[in-house]
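Scroll down for the structure; my scribbles are underneath it.
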Amino acid sequence: MPALPAFSAPWRDRAGRLSGLKLSVFLFALAPGLWLAGAYAGDALGAKPITALLHGTGEWAVRFLLLSLAVTPLRRIANFPKLILVRRMLGLTVLAYALIHLALYVVDQNFVLGKVVSEIVTRFYLTIGFVALLGLVVLGVTSTDGMIRRLGKAWPRLHKAVYTIAVLGLVHYFLQAKIDVSDPVFWTGGFLLLMGWRALQRLRWPINPLTLLGLAVAVALVTAGLEAAWYGFASGIPAERVLQANLAFPSMIRPAWRVLALGLILPAVNAARLAWDRSNTRTDPKTRPAQPRSRQAMAAR
């Protein structure tokens with residue numbers, strides 16, 4: 001009988017050693033689900049607990065999706081290459097929360113599968129959410145080492161679909177939120193930050209604290225405009241009133257200000273990393289550049 005493949009715990013690295021980073025991310029991935037389960041068991045989710053679970057799992061799926069997209073920018077900005085070790089785990093966490101989200105929708109519809117299918121087909125926001133879920137399933141199935149080898153050069157092209165999936169997920173988030181879209185606006189601003197960094201990379205702009213500061217300010221302004229446009233089109237609230245509300249800081253903290261605070265983390269991390277690298281260069285003889293010989297030494301030679 002052939003031997004079963006060895007189980008690799010998610011908190012271990014490829015050499016089988018315990019990884020503090022992977023263990024921390026694994027526990028963080030479990031925490032929202034455990035909190036929601038505990039709140040449900042303790043009857044702390046209000047009059048419609050299944051609806052609360054449905055919304056909670058969907059929101060965490062979006063958050064973990066953006067965290068997975070943040071791995072590459074953060075590992076380069078902070079010069080922390082080990083972050084790549086947790087990208088697959090974060091991606092599979094997104095898939096897990098999204099599947100639970102769908103399962104809870106089936107529960108919410110009293111397990112009437114015909115109604116579930118009908119609702120997904122006829123309601124646009126459910127249709128795009130389901131398409132995003134199908135995309136996540138494809139990415140999850142092809143995330144194994146074996147599939148990466150089989151797909152070869154096609155694998156990176158396939159997994160670039162994650163950007164489209166993120167857009168679909170955010171649109172789904174907006175449409176189901178209906179009235180108060182503060183959270184979808186904030187997370188969309190976070191997505192724009194990540195895509196803005198990728199745009200800087202593609203345009204070969206220098207990545208330094210100044211350009212990252214400019215990116216944070218630009219995305220915050222775009223986020224304010226996005227919120228104003230959404231309320232203007234969806235509810236008829238004049239865009240000027242929404243923009244004025246953004247200027248009422250700090251009495252009213254709109255999503256654009258939160259996006260700015262999030263964006264400012266990038267230049268701060270980058271500046272700290274550059275200062276750390278300079279400090280190490282000065283103190284480590286192996287990395288210190290060679291000093292020119294003095295005139296006396298050259299003459300003696």
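As shown in the structure tokens, the chain order sets the letters A, B, ...; within each chain, residues go from 1, and ligands are also counted from 1 in the order they appear.
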List every residue of stretch 44-75 of chain A that DSSP, applied to the backbone, labels as alpha helix (DSSP H), and write the result as a tab-separated table (two decimals) with C-alpha atoms, in the first residue's frame.
chain	number	residue	atom	x	y	z
A	49	PRO	CA	-27.48	36.11	14.12
A	50	ILE	CA	-27.17	34.26	10.79
A	51	THR	CA	-27.29	37.57	8.92
A	52	ALA	CA	-24.61	38.94	11.25
A	53	LEU	CA	-22.44	35.87	10.61
A	54	LEU	CA	-23.07	36.21	6.89
A	55	HIS	CA	-21.91	39.81	6.85
A	56	GLY	CA	-18.99	39.15	9.20
A	57	THR	CA	-17.52	36.31	7.16
A	58	GLY	CA	-17.91	38.27	3.92
A	59	GLU	CA	-16.18	41.31	5.38
A	60	TRP	CA	-13.29	39.21	6.67
A	61	ALA	CA	-12.94	37.54	3.28
A	62	VAL	CA	-12.42	40.99	1.74
A	63	ARG	CA	-9.98	42.03	4.47
A	64	PHE	CA	-7.86	38.91	4.13
A	65	LEU	CA	-7.89	39.28	0.35
A	66	LEU	CA	-6.40	42.76	0.66
A	67	LEU	CA	-3.90	41.50	3.24
A	68	SER	CA	-2.76	38.87	0.74
A	69	LEU	CA	-2.29	41.61	-1.85
A	70	ALA	CA	-0.30	43.65	0.69
A	71	VAL	CA	2.36	40.96	1.12
A	72	THR	CA	4.46	41.93	-1.90
A	73	PRO	CA	4.44	45.71	-1.25
A	74	LEU	CA	5.22	45.29	2.45
A	75	ARG	CA	8.02	42.78	1.98
- prompt: Got a sec: who's within 12 Å of A:Val138, counting only C-alpha atoms, leaving out chain neighbours fewer than 5 positions off, as a list in words?
  reply: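 Within the cut-off, the hits are Gly91, Leu92, Leu95, Val131, Ala132, Leu133, Ser143, Thr144, Met147, Trp155, Leu158, His159, Lys160, Ala161, Val162 and Ile165 of chain A.
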Atomic separation - atom CA of A:Val25 relative to atom CA of A:Val94, Å: 12.8 Å
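Restricting the calculation to only C-alpha atoms, the smallest distance between A:Gly232 and any of A:Leu139, A:Leu21, A:Val269, A:Ile179 is found for A:Ile179.
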- request: For A:Arg157, work out the shell of residues within 12 Å, counting only C-alpha atoms and skipping chain neighbours fewer than 5 positions away, then give it as a list in words.
  value: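 Once the adjacent positions are removed, what remains is Leu139, Thr142, Ile148, Leu151, Gly152, Val162 and Tyr163 of chain A.
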Restricting it to all heavy atoms, dump the selection as an mmCIF file, in the first residue's frame.
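Printed below is out23.cif as written:
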data_model
loop_
_atom_site.group_PDB
_atom_site.id
_atom_site.type_symbol
_atom_site.label_atom_id
_atom_site.label_comp_id
_atom_site.auth_asym_id
_atom_site.auth_seq_id
_atom_site.Cartn_x
_atom_site.Cartn_y
_atom_site.Cartn_z
ATOM 1 N N LEU A 139 -8.163 29.742 -7.931
ATOM 2 C CA LEU A 139 -6.845 30.127 -7.404
ATOM 3 C C LEU A 139 -6.426 29.216 -6.250
ATOM 4 O O LEU A 139 -5.254 28.856 -6.127
ATOM 5 C CB LEU A 139 -6.858 31.583 -6.943
ATOM 6 C CG LEU A 139 -7.114 32.641 -8.015
ATOM 7 C CD1 LEU A 139 -6.857 34.034 -7.444
ATOM 8 C CD2 LEU A 139 -6.266 32.417 -9.245
ATOM 9 N N THR A 142 -5.279 25.787 -7.565
ATOM 10 C CA THR A 142 -3.999 25.854 -8.293
ATOM 11 C C THR A 142 -2.872 26.457 -7.467
ATOM 12 O O THR A 142 -1.844 26.847 -8.017
ATOM 13 C CB THR A 142 -4.175 26.673 -9.587
ATOM 14 O OG1 THR A 142 -4.636 27.997 -9.253
ATOM 15 C CG2 THR A 142 -5.159 26.012 -10.527
ATOM 16 N N ILE A 148 1.630 24.462 -9.338
ATOM 17 C CA ILE A 148 2.553 25.513 -9.796
ATOM 18 C C ILE A 148 3.538 24.930 -10.804
ATOM 19 O O ILE A 148 3.831 25.533 -11.840
ATOM 20 C CB ILE A 148 3.287 26.145 -8.597
ATOM 21 C CG1 ILE A 148 2.303 26.920 -7.725
ATOM 22 C CG2 ILE A 148 4.407 27.069 -9.079
ATOM 23 C CD1 ILE A 148 2.884 27.419 -6.425
ATOM 24 N N LEU A 151 1.567 24.030 -14.182
ATOM 25 C CA LEU A 151 1.136 25.179 -14.979
ATOM 26 C C LEU A 151 2.309 25.983 -15.525
ATOM 27 O O LEU A 151 2.175 26.670 -16.542
ATOM 28 C CB LEU A 151 0.236 26.083 -14.137
ATOM 29 C CG LEU A 151 -1.137 25.503 -13.791
ATOM 30 C CD1 LEU A 151 -1.864 26.396 -12.803
ATOM 31 C CD2 LEU A 151 -1.978 25.318 -15.052
ATOM 32 N N GLY A 152 3.458 25.917 -14.862
ATOM 33 C CA GLY A 152 4.645 26.616 -15.354
ATOM 34 C C GLY A 152 4.418 28.102 -15.515
ATOM 35 O O GLY A 152 3.931 28.789 -14.607
ATOM 36 N N VAL A 162 -6.447 37.610 -9.472
ATOM 37 C CA VAL A 162 -6.790 38.026 -8.118
ATOM 38 C C VAL A 162 -7.163 39.505 -8.076
ATOM 39 O O VAL A 162 -8.011 39.919 -7.261
ATOM 40 C CB VAL A 162 -5.623 37.735 -7.147
ATOM 41 C CG1 VAL A 162 -4.423 38.628 -7.421
ATOM 42 C CG2 VAL A 162 -6.077 37.886 -5.695
ATOM 43 N N TYR A 163 -6.600 40.319 -8.978
ATOM 44 C CA TYR A 163 -6.953 41.745 -8.993
ATOM 45 C C TYR A 163 -8.403 41.942 -9.431
ATOM 46 O O TYR A 163 -9.142 42.737 -8.846
ATOM 47 C CB TYR A 163 -6.005 42.513 -9.917
ATOM 48 C CG TYR A 163 -4.550 42.338 -9.567
ATOM 49 C CD1 TYR A 163 -3.623 41.899 -10.513
ATOM 50 C CD2 TYR A 163 -4.089 42.591 -8.286
ATOM 51 C CE1 TYR A 163 -2.282 41.720 -10.187
ATOM 52 C CE2 TYR A 163 -2.756 42.415 -7.941
ATOM 53 C CZ TYR A 163 -1.861 41.978 -8.907
ATOM 54 O OH TYR A 163 -0.542 41.802 -8.574
#
Leaving out A:Ala29 and any residue of its chain fewer than 4 positions from it, which residues lie within 8 Å of it when counting only C-alpha atoms, given as a PDB file with N, CA and C atoms, in the first residue's frame?
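Listed below is the output, around_13.pdb:
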ATOM      1  N   VAL A  25       0.440  34.317  11.883  1.00  0.00           N
ATOM      2  CA  VAL A  25      -0.550  34.575  10.837  1.00  0.00           C
ATOM      3  C   VAL A  25      -1.660  33.527  10.889  1.00  0.00           C
ATOM      4  N   GLY A  33     -12.954  34.078  12.869  1.00  0.00           N
ATOM      5  CA  GLY A  33     -13.930  32.995  12.828  1.00  0.00           C
ATOM      6  C   GLY A  33     -14.285  32.496  14.218  1.00  0.00           C
ATOM      7  N   LEU A  90      -2.615  33.215   3.542  1.00  0.00           N
ATOM      8  CA  LEU A  90      -3.624  34.274   3.513  1.00  0.00           C
ATOM      9  C   LEU A  90      -4.618  34.049   2.378  1.00  0.00           C
ATOM     10  N   THR A  93      -6.990  31.435   3.375  1.00  0.00           N
ATOM     11  CA  THR A  93      -7.892  31.980   4.395  1.00  0.00           C
ATOM     12  C   THR A  93      -9.032  32.742   3.739  1.00  0.00           C
TER      13      THR A  93
END
field: All residues 12 Å or closer to A:Trp257, only C-alpha atoms, same chain fewer than 2 positions away omitted, as number ranges by chain
entry: A: 182, 185-186, 189-190, 216-224, 227, 243, 245-255, 259-264
Write out, as a short mmCIF file (atom, residue, chain, number, x, y, z; two decimals), in the first residue's frame, the residues just selected, with N, CA, C and O atoms.
data_model
loop_
_atom_site.label_atom_id
_atom_site.label_comp_id
_atom_site.auth_asym_id
_atom_site.auth_seq_id
_atom_site.Cartn_x
_atom_site.Cartn_y
_atom_site.Cartn_z
N SER A 182 -19.35 53.28 4.41
CA SER A 182 -18.08 53.75 4.97
C SER A 182 -17.01 52.67 4.93
O SER A 182 -15.87 52.92 4.52
N VAL A 185 -15.90 51.81 1.32
CA VAL A 185 -15.08 52.91 0.80
C VAL A 185 -13.66 52.82 1.38
O VAL A 185 -12.67 52.97 0.65
N PHE A 186 -13.55 52.55 2.68
CA PHE A 186 -12.24 52.45 3.31
C PHE A 186 -11.42 51.32 2.69
O PHE A 186 -10.24 51.51 2.35
N GLY A 189 -10.24 52.11 -0.68
CA GLY A 189 -9.08 52.98 -0.59
C GLY A 189 -7.81 52.19 -0.30
O GLY A 189 -6.74 52.46 -0.87
N GLY A 190 -7.92 51.17 0.56
CA GLY A 190 -6.77 50.30 0.82
C GLY A 190 -6.33 49.56 -0.43
O GLY A 190 -5.13 49.43 -0.70
N ALA A 216 0.05 58.15 -0.61
CA ALA A 216 -0.95 58.14 0.47
C ALA A 216 -1.91 59.32 0.35
O ALA A 216 -3.13 59.17 0.47
N VAL A 217 -1.37 60.52 0.09
CA VAL A 217 -2.21 61.71 -0.03
C VAL A 217 -3.11 61.60 -1.26
O VAL A 217 -4.32 61.90 -1.20
N ALA A 218 -2.55 61.16 -2.39
CA ALA A 218 -3.33 61.06 -3.62
C ALA A 218 -4.47 60.06 -3.47
O ALA A 218 -5.61 60.34 -3.87
N VAL A 219 -4.20 58.91 -2.87
CA VAL A 219 -5.25 57.90 -2.71
C VAL A 219 -6.32 58.37 -1.73
O VAL A 219 -7.51 58.10 -1.91
N ALA A 220 -5.92 59.10 -0.69
CA ALA A 220 -6.90 59.64 0.26
C ALA A 220 -7.86 60.60 -0.46
O ALA A 220 -9.08 60.57 -0.22
N LEU A 221 -7.32 61.43 -1.33
CA LEU A 221 -8.17 62.36 -2.09
C LEU A 221 -9.11 61.61 -3.03
O LEU A 221 -10.29 61.96 -3.16
N VAL A 222 -8.58 60.60 -3.69
CA VAL A 222 -9.41 59.79 -4.58
C VAL A 222 -10.52 59.09 -3.78
O VAL A 222 -11.67 58.99 -4.23
N THR A 223 -10.19 58.61 -2.58
CA THR A 223 -11.17 57.94 -1.74
C THR A 223 -12.30 58.90 -1.36
O THR A 223 -13.48 58.52 -1.38
N ALA A 224 -11.94 60.14 -1.02
CA ALA A 224 -12.97 61.14 -0.69
C ALA A 224 -13.88 61.38 -1.90
O ALA A 224 -15.11 61.46 -1.76
N GLU A 227 -16.22 58.34 -2.40
CA GLU A 227 -17.35 58.32 -1.46
C GLU A 227 -18.41 59.34 -1.88
O GLU A 227 -19.62 59.04 -1.87
N LEU A 243 -18.17 65.83 0.59
CA LEU A 243 -16.81 66.36 0.62
C LEU A 243 -16.61 67.30 1.82
O LEU A 243 -15.55 67.32 2.44
N ALA A 245 -18.13 66.99 4.62
CA ALA A 245 -18.03 66.11 5.79
C ALA A 245 -16.61 65.59 5.95
O ALA A 245 -16.12 65.39 7.06
N ASN A 246 -15.92 65.38 4.83
CA ASN A 246 -14.53 64.93 4.89
C ASN A 246 -13.63 66.00 5.49
O ASN A 246 -12.57 65.68 6.04
N LEU A 247 -14.02 67.26 5.37
CA LEU A 247 -13.21 68.35 5.91
C LEU A 247 -13.54 68.65 7.36
O LEU A 247 -12.92 69.53 7.97
N ALA A 248 -14.51 67.92 7.93
CA ALA A 248 -14.92 68.16 9.32
C ALA A 248 -14.04 67.42 10.32
O ALA A 248 -14.42 67.25 11.46
N PHE A 249 -12.87 66.97 9.89
CA PHE A 249 -11.93 66.27 10.77
C PHE A 249 -11.47 67.24 11.87
O PHE A 249 -11.24 68.41 11.60
N PRO A 250 -11.34 66.83 13.14
CA PRO A 250 -11.47 65.44 13.62
C PRO A 250 -12.83 65.09 14.19
O PRO A 250 -13.00 64.01 14.73
N SER A 251 -13.82 66.02 14.09
CA SER A 251 -15.12 65.72 14.69
C SER A 251 -15.83 64.58 13.95
O SER A 251 -16.65 63.88 14.53
N MET A 252 -15.50 64.43 12.68
CA MET A 252 -16.09 63.34 11.90
C MET A 252 -14.98 62.71 11.06
O MET A 252 -14.43 63.34 10.17
N ILE A 253 -14.62 61.48 11.40
CA ILE A 253 -13.51 60.82 10.69
C ILE A 253 -14.09 59.97 9.55
O ILE A 253 -14.60 58.88 9.77
N ARG A 254 -14.00 60.50 8.36
CA ARG A 254 -14.52 59.82 7.17
C ARG A 254 -13.49 58.79 6.69
O ARG A 254 -12.32 58.81 7.08
N PRO A 255 -13.90 57.90 5.79
CA PRO A 255 -12.98 56.87 5.29
C PRO A 255 -11.69 57.42 4.68
O PRO A 255 -10.63 56.79 4.80
N VAL A 259 -7.96 56.09 5.35
CA VAL A 259 -7.08 55.63 4.27
C VAL A 259 -5.75 56.39 4.31
O VAL A 259 -4.68 55.79 4.11
N LEU A 260 -5.81 57.70 4.59
CA LEU A 260 -4.58 58.47 4.71
C LEU A 260 -3.71 57.91 5.84
O LEU A 260 -2.49 57.75 5.68
N ALA A 261 -4.33 57.62 7.00
CA ALA A 261 -3.57 57.06 8.12
C ALA A 261 -2.95 55.73 7.73
O ALA A 261 -1.79 55.44 8.06
N LEU A 262 -3.72 54.91 7.00
CA LEU A 262 -3.20 53.62 6.55
C LEU A 262 -2.04 53.82 5.58
O LEU A 262 -1.00 53.15 5.66
N GLY A 263 -2.21 54.77 4.66
CA GLY A 263 -1.17 55.03 3.67
C GLY A 263 0.10 55.57 4.27
O GLY A 263 1.20 55.29 3.76
N LEU A 264 -0.01 56.33 5.36
CA LEU A 264 1.19 56.90 6.00
C LEU A 264 2.06 55.83 6.65
O LEU A 264 3.23 56.08 6.95
#
